[in-house]
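Peer 1: Here's a structure for you.
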Amino acid sequence: MQDDLQERLDSLKWWQKTIVYEVYPKSFLDTAGNGTGTIAGIVQKLDYLASLGVGAIWITPIYRSPMKDNGYDVADYYALDPSFGTMDDMDELIAEAKKRNIRIVMDLVMNHTSDENAWFVESSSSKDNPKSDWYIWRDAKDDGSAPNNWRGIFGGPAWTWDETRQQYYLHTFADFQPDLNWECAEMRQELYRMARFWLDKGVGGFRIDAVTYIKKPEVFCDGTPDPMDGLFPIHDATANTEGILDLLQEFKAEVMDGTDAFAVAEANGVVPEELVNWVGNHGVFDMLFEFGHILVPQGGNENWYESDDWKLTQLKAALSASQRATRTNGWYPIYFENHDQARSVSMFLPDVSNKIAGAKMLATVLMTLRGTPFVYQGQELGYENVAWPAIDMYNDVSSHNQYKMALQAGKTEEEALAAVHAHSRDNARTPMQWDASENAGFTSATPWLPVHDDYATCNVMVEHGDKGSVLWWYRTLAKLRIELPILVVGDYTELMCEREDLYAFSRGCGAAQAVVIANFREAEVSYEAQLVQDMDLAISTHGDATPGVLRPLEAVVYLSRE
Ligand code: NOJ
């Protein structure tokens, strides 16, 4: 290997050289026969995850919770929800994963708790209890109405009246998710203590939930009312409030510094140009999920029913912006899916009929951009969206609110449901499909959410036996990243930026270069063969390849000669 490639590789931390897999535990594998997944289920599938080249598993919240937002409503940060298992199960998971060189990553929900959390119960009990300012309380206006007109992210007012305390509390998300008051130093210290508790258990990192909302402005002003409901989106009032980075520097110093664990933040509202303040040498996190590319198919709209047409050039520009922003400082978590998004083949390739080819093409892009790829459960099988016939079949709290808002805005029930089909978070939350048996091998009971109709053909067992499957392709790409370090360390340059049919970029380091070209169309497209002149084909989704031509949905990686 070239010296400079080796040097760059040696300078990376463990989490920069691996693949992270996101597990939505409720839907992963049920070993208890209750219809919901368990920690023991994750232990059982560690070898499967190792076969995907995974070095870290991010598990969405498994703390004790009423589960109204599937764990993002934490009732006790120090206890596991009994539906998932016990602390012994967790210790076993951490230990068994370690044997396979895999680290467990916990989801830290620090913007809010459940209203059933003992902290909130105490805080709401009076105006002068020891935790009275651990949450954000305000008096009613003279007429008894809420302190201002902010709308929560899941819809409806962001303030809820508490009878006992005779005050309103603020919630960025649902009314059962009261926001913690980060101005309270004692509360912050308790959060840091909690995070250290999990590090002491041996976890390898944190995904930090909804981080952009932790700091609130000093004055809570009304925003311009939306004619639909008279409310103003809380995101526009509180995201990235000045001073937030000081709070997060404290988190970094108190929790992360001196450990080899990584912190990746979910930070809606941070734009690529701002990443320099958030990640890397001057920042507070190791990586940050920004939303630029994922919002493109939503036309950048908060309301699902407003989704608009979009162009590939917009998607490419969004991806390139974050690649550029982390070129010399910080690192990027590459993701096309997570538990809050529709499935990527449905979202990015809605009109494509050959979804398997589409999923392989997208996988090639995901695994060859610069950064750490995050693969979400089922993505490696090529999952598509579901389209259930009635809103009642949906579990996701935001799907119900979005449906209501669409009706309020004058959409028909059919249109409102179509928006839910396209964007519902339940698209990502249907049970993992392990085999073709009843309930896809996920559970012996009735699954908490219906299994996707396609489970007989789209499942781990079938795809494991089919070398043309999406699963095989993910495994192939994982090996390729190890064989070709240029894909890990090479600088990113977008090529043919204006093209609406293909996405091309190079990864370079000194004389070494890789060129990736992906055809987003279900038709043959051509490009200047010169681009890959004197290069060797490293891989093609279609086996072989002809320079200058891409078959429908083909993706290729070419490599410069030594
Ligand atoms: C972002 C999480 O990813 C999502 O699932 C959750 O509903 C909200 N934050 C609230 O915690």
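Within each chain, counting starts at residue 1; across the structure tokens, chains are named A, B, ... in the order shown, with ligands numbered 1 upward in that order.
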At a cut-off of 8 Å and counting only C-alpha atoms and all ligand atoms, what residues surround ligand 1? Please answer as a list in words.

Peer 2: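 Residues satisfying the distance criterion: Asp69, Asn70, Tyr72, Asp73, Val109, Asn111, His112, Phe173, Gln177, Asp209, Ala210, Glu266, Asn338, His339, Asp340 and Ser398 of chain A.
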
Peer 1: Taking all heavy atoms for each residue, export the selection above as a compact mmCIF listing (two decimals), in the first residue's frame.

Peer 2:
# COMPACT_ATOMS: atom_id res chain seq x y z
N ASP A 69 -43.36 6.67 22.58
CA ASP A 69 -42.57 7.00 21.39
C ASP A 69 -41.46 5.94 21.28
O ASP A 69 -40.30 6.25 20.98
CB ASP A 69 -42.00 8.42 21.48
CG ASP A 69 -41.35 8.87 20.17
OD1 ASP A 69 -41.65 8.26 19.12
OD2 ASP A 69 -40.55 9.82 20.19
N ASN A 70 -41.84 4.73 21.56
CA ASN A 70 -40.93 3.58 21.44
C ASN A 70 -39.55 3.81 22.05
O ASN A 70 -38.52 3.55 21.42
CB ASN A 70 -40.82 3.16 19.98
CG ASN A 70 -42.13 2.59 19.48
OD1 ASN A 70 -42.87 1.96 20.26
ND2 ASN A 70 -42.45 2.80 18.23
N TYR A 72 -38.15 6.68 23.15
CA TYR A 72 -37.66 8.06 23.18
C TYR A 72 -38.42 8.86 24.25
O TYR A 72 -38.45 10.09 24.22
CB TYR A 72 -37.73 8.71 21.81
CG TYR A 72 -36.63 8.19 20.90
CD1 TYR A 72 -36.86 7.14 20.02
CD2 TYR A 72 -35.35 8.72 20.98
CE1 TYR A 72 -35.85 6.64 19.22
CE2 TYR A 72 -34.33 8.22 20.19
CZ TYR A 72 -34.58 7.19 19.31
OH TYR A 72 -33.57 6.69 18.53
N ASP A 73 -39.05 8.14 25.15
CA ASP A 73 -39.72 8.74 26.30
C ASP A 73 -39.20 7.95 27.50
O ASP A 73 -39.79 6.96 27.91
CB ASP A 73 -41.25 8.67 26.16
CG ASP A 73 -41.77 7.33 25.63
OD1 ASP A 73 -41.00 6.57 25.00
OD2 ASP A 73 -42.95 7.01 25.88
N VAL A 109 -31.03 10.18 25.18
CA VAL A 109 -32.15 11.10 24.96
C VAL A 109 -32.05 12.14 26.07
O VAL A 109 -32.44 11.88 27.21
CB VAL A 109 -33.50 10.35 25.02
CG1 VAL A 109 -34.63 11.27 24.57
CG2 VAL A 109 -33.45 9.10 24.18
N ASN A 111 -32.77 15.68 25.60
CA ASN A 111 -33.57 16.89 25.47
C ASN A 111 -34.83 16.82 26.33
O ASN A 111 -35.35 17.83 26.78
CB ASN A 111 -33.98 17.09 24.01
CG ASN A 111 -34.91 18.29 23.83
OD1 ASN A 111 -34.49 19.43 24.01
ND2 ASN A 111 -36.18 18.02 23.53
N HIS A 112 -35.31 15.58 26.54
CA HIS A 112 -36.58 15.40 27.25
C HIS A 112 -36.59 14.03 27.91
O HIS A 112 -35.74 13.18 27.63
CB HIS A 112 -37.74 15.50 26.26
CG HIS A 112 -37.55 14.66 25.03
ND1 HIS A 112 -36.95 15.14 23.89
CD2 HIS A 112 -37.82 13.36 24.77
CE1 HIS A 112 -36.88 14.19 22.98
NE2 HIS A 112 -37.40 13.08 23.49
N PHE A 173 -41.41 17.79 21.58
CA PHE A 173 -42.08 16.69 20.84
C PHE A 173 -43.48 16.50 21.42
O PHE A 173 -44.21 17.48 21.57
CB PHE A 173 -41.19 15.43 20.89
CG PHE A 173 -39.90 15.64 20.15
CD1 PHE A 173 -38.75 16.10 20.79
CD2 PHE A 173 -39.82 15.43 18.78
CE1 PHE A 173 -37.57 16.34 20.11
CE2 PHE A 173 -38.64 15.67 18.08
CZ PHE A 173 -37.51 16.11 18.75
N GLN A 177 -43.55 14.03 26.49
CA GLN A 177 -42.08 14.15 26.46
C GLN A 177 -41.64 15.55 26.93
O GLN A 177 -41.16 16.36 26.13
CB GLN A 177 -41.57 13.88 25.05
CG GLN A 177 -41.74 12.42 24.62
CD GLN A 177 -41.58 12.22 23.12
OE1 GLN A 177 -42.22 12.90 22.32
NE2 GLN A 177 -40.75 11.28 22.73
N ASP A 209 -29.74 12.17 20.89
CA ASP A 209 -31.03 12.48 20.28
C ASP A 209 -31.33 13.98 20.30
O ASP A 209 -31.06 14.66 21.30
CB ASP A 209 -32.11 11.73 21.10
CG ASP A 209 -33.48 11.85 20.49
OD1 ASP A 209 -33.66 11.40 19.35
OD2 ASP A 209 -34.38 12.40 21.16
N ALA A 210 -31.91 14.45 19.21
CA ALA A 210 -32.55 15.78 19.17
C ALA A 210 -31.73 16.88 19.83
O ALA A 210 -32.26 17.72 20.56
CB ALA A 210 -33.92 15.68 19.86
N GLU A 266 -27.67 13.67 16.62
CA GLU A 266 -28.75 13.93 15.68
C GLU A 266 -29.07 15.41 15.79
O GLU A 266 -29.45 15.89 16.85
CB GLU A 266 -29.99 13.12 16.06
CG GLU A 266 -31.09 13.30 15.05
CD GLU A 266 -32.50 13.20 15.62
OE1 GLU A 266 -32.69 13.51 16.83
OE2 GLU A 266 -33.41 12.86 14.88
N ASN A 338 -32.86 5.54 8.62
CA ASN A 338 -32.86 5.30 10.06
C ASN A 338 -34.30 5.04 10.49
O ASN A 338 -35.19 4.96 9.63
CB ASN A 338 -32.19 6.44 10.84
CG ASN A 338 -32.91 7.77 10.68
OD1 ASN A 338 -34.13 7.79 10.55
ND2 ASN A 338 -32.18 8.86 10.68
N HIS A 339 -34.52 4.95 11.78
CA HIS A 339 -35.85 4.59 12.27
C HIS A 339 -36.88 5.71 12.12
O HIS A 339 -38.04 5.52 12.47
CB HIS A 339 -35.75 4.17 13.74
CG HIS A 339 -35.30 5.31 14.59
ND1 HIS A 339 -33.98 5.74 14.63
CD2 HIS A 339 -35.97 6.15 15.40
CE1 HIS A 339 -33.89 6.78 15.41
NE2 HIS A 339 -35.08 7.05 15.91
N ASP A 340 -36.45 6.87 11.63
CA ASP A 340 -37.38 8.00 11.47
C ASP A 340 -37.69 8.27 10.00
O ASP A 340 -38.42 9.23 9.70
CB ASP A 340 -36.75 9.29 12.03
CG ASP A 340 -36.68 9.28 13.55
OD1 ASP A 340 -37.50 8.60 14.18
OD2 ASP A 340 -35.78 9.95 14.09
N SER A 398 -46.04 10.40 15.14
CA SER A 398 -45.97 11.52 14.20
C SER A 398 -46.81 11.25 12.96
O SER A 398 -47.32 12.19 12.33
CB SER A 398 -44.52 11.86 13.83
OG SER A 398 -43.95 10.88 13.05

Peer 1: Between segment 193-291 of chain A and segment 145-168 of chain A, at 12 Å or less, what are the per-residue closest atom pairs and their distances in Å? Count only C-alpha atoms, order by chain and rising residue number, and return it as a Markdown table.

Peer 2:
| residue | atom | partner | partner_atom | distance |
| --- | --- | --- | --- | --- |
| A:Ala210 | CA | A:Ile153 | CA | 10.9 |
| A:Tyr213 | CA | A:Ile153 | CA | 10.9 |
| A:Val219 | CA | A:Asn148 | CA | 10.4 |
| A:Phe220 | CA | A:Asn148 | CA | 6.9 |
| A:Cys221 | CA | A:Asn148 | CA | 6.4 |
| A:Asp222 | CA | A:Asn148 | CA | 5.1 |
| A:Gly223 | CA | A:Asn149 | CA | 6.7 |
| A:Thr224 | CA | A:Asn149 | CA | 8.7 |
| A:Pro225 | CA | A:Asn149 | CA | 7.4 |
| A:Asp226 | CA | A:Arg151 | CA | 9.7 |
| A:Met228 | CA | A:Gly156 | CA | 11.1 |
| A:Asp229 | CA | A:Gly156 | CA | 8.4 |
| A:Gly230 | CA | A:Asn149 | CA | 7.2 |
| A:Leu231 | CA | A:Asn149 | CA | 5.0 |
| A:Phe232 | CA | A:Trp150 | CA | 4.7 |
| A:Pro233 | CA | A:Arg151 | CA | 4.8 |
| A:Ile234 | CA | A:Trp150 | CA | 5.1 |
| A:His235 | CA | A:Ile153 | CA | 7.1 |
| A:Asp236 | CA | A:Trp150 | CA | 9.2 |
| A:Ala237 | CA | A:Trp150 | CA | 7.8 |
| A:Thr238 | CA | A:Trp150 | CA | 9.8 |
| A:Ala239 | CA | A:Ile153 | CA | 11.4 |
| A:Asn268 | CA | A:Ile153 | CA | 11.4 |

Peer 1: Which residue gives the smallest distance to Gly41 of chain A among A:Glu116, A:Lys98, A:Gly441, A:Gly205, with only C-alpha atoms counted?

Peer 2: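 For Gly41 of chain A, the nearest of the candidates is A:Gly441.
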
Peer 1: Give me, as a PyMOL selection string, the residues of segment 166-284 of chain A that a backbone DSSP run labels strand (DSSP E or B).

Peer 2: chain A and resi 167-170+179-180+205-208+232-233+262-266+279

Peer 1: Between A:Val203, A:Ala406, A:Leu480, A:Val489, single out the one closest to Tyr332 of chain A, counting only C-alpha atoms.

Peer 2: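 Smallest separation from Tyr332 of chain A among the options: A:Val489.
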
Peer 1: Name the closest residue to Asp10 of chain A among the candidates A:Pro178, A:Pro485, A:Pro297, A:Gly53; distances are taken between atoms, counting only C-alpha atoms.

Peer 2: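 Checking each of A:Pro178, A:Pro485, A:Pro297, A:Gly53 against Asp10 of chain A, counting only C-alpha atoms, the winner is A:Pro485.
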
Peer 1: Select from segment 146-341 of chain A everything DSSP, run on the backbone, classes as alpha helix (DSSP H), then give the selection as a VMD selection string.

Peer 2: chain A and resid 185 to 200 234 to 238 244 to 251 275 to 278 312 to 325

Peer 1: Looking at only C-alpha atoms, which of A:Glu494, A:Asp91, A:Asp246, A:Asp257 is the one that sits closest to Trp198 of chain A?

Peer 2: A:Asp91

Peer 1: What is the atom CA of Tyr21 of chain A to atom CA of Leu295 of chain A distance in Å?

Peer 2: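 These two atoms are separated by 21.4 Å.
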
Peer 1: Neighbouring residues of Arg481 of chain A were defined as those with any atom within 9 Å, considering only C-alpha atoms; residues of the same chain fewer than 5 positions away were excluded. Please report them as a tab-separated table (two decimals) with N, CA, C and O atoms, in the first residue's frame.

Peer 2:
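In the end it all went to out-v5.tsv:
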chain	number	residue	atom	x	y	z
A	17	LYS	N	-13.14	3.66	10.78
A	17	LYS	CA	-12.75	2.61	9.82
A	17	LYS	C	-13.79	1.50	9.76
A	17	LYS	O	-13.54	0.46	9.18
A	18	THR	N	-14.91	1.68	10.44
A	18	THR	CA	-15.85	0.57	10.51
A	18	THR	C	-17.20	0.94	9.92
A	18	THR	O	-17.38	2.01	9.33
A	367	MET	N	-21.66	3.16	0.72
A	367	MET	CA	-20.44	2.55	1.26
A	367	MET	C	-19.17	3.11	0.62
A	367	MET	O	-18.08	2.69	0.98
A	368	THR	N	-19.31	4.03	-0.32
A	368	THR	CA	-18.09	4.57	-0.94
A	368	THR	C	-17.94	6.08	-0.76
A	368	THR	O	-16.93	6.64	-1.17
A	476	THR	N	-20.36	-7.73	0.18
A	476	THR	CA	-19.27	-7.51	-0.78
A	476	THR	C	-18.68	-6.11	-0.58
A	476	THR	O	-17.46	-5.92	-0.59
A	486	ILE	N	-8.49	3.28	0.07
A	486	ILE	CA	-8.81	4.57	-0.57
A	486	ILE	C	-10.28	4.94	-0.35
A	486	ILE	O	-10.64	6.10	-0.26
A	487	LEU	N	-11.13	3.91	-0.22
A	487	LEU	CA	-12.56	4.17	-0.01
A	487	LEU	C	-12.82	4.69	1.40
A	487	LEU	O	-13.87	5.27	1.68
A	488	VAL	N	-11.88	4.48	2.28
A	488	VAL	CA	-12.04	4.98	3.65
A	488	VAL	C	-11.37	6.36	3.78
A	488	VAL	O	-11.96	7.29	4.32
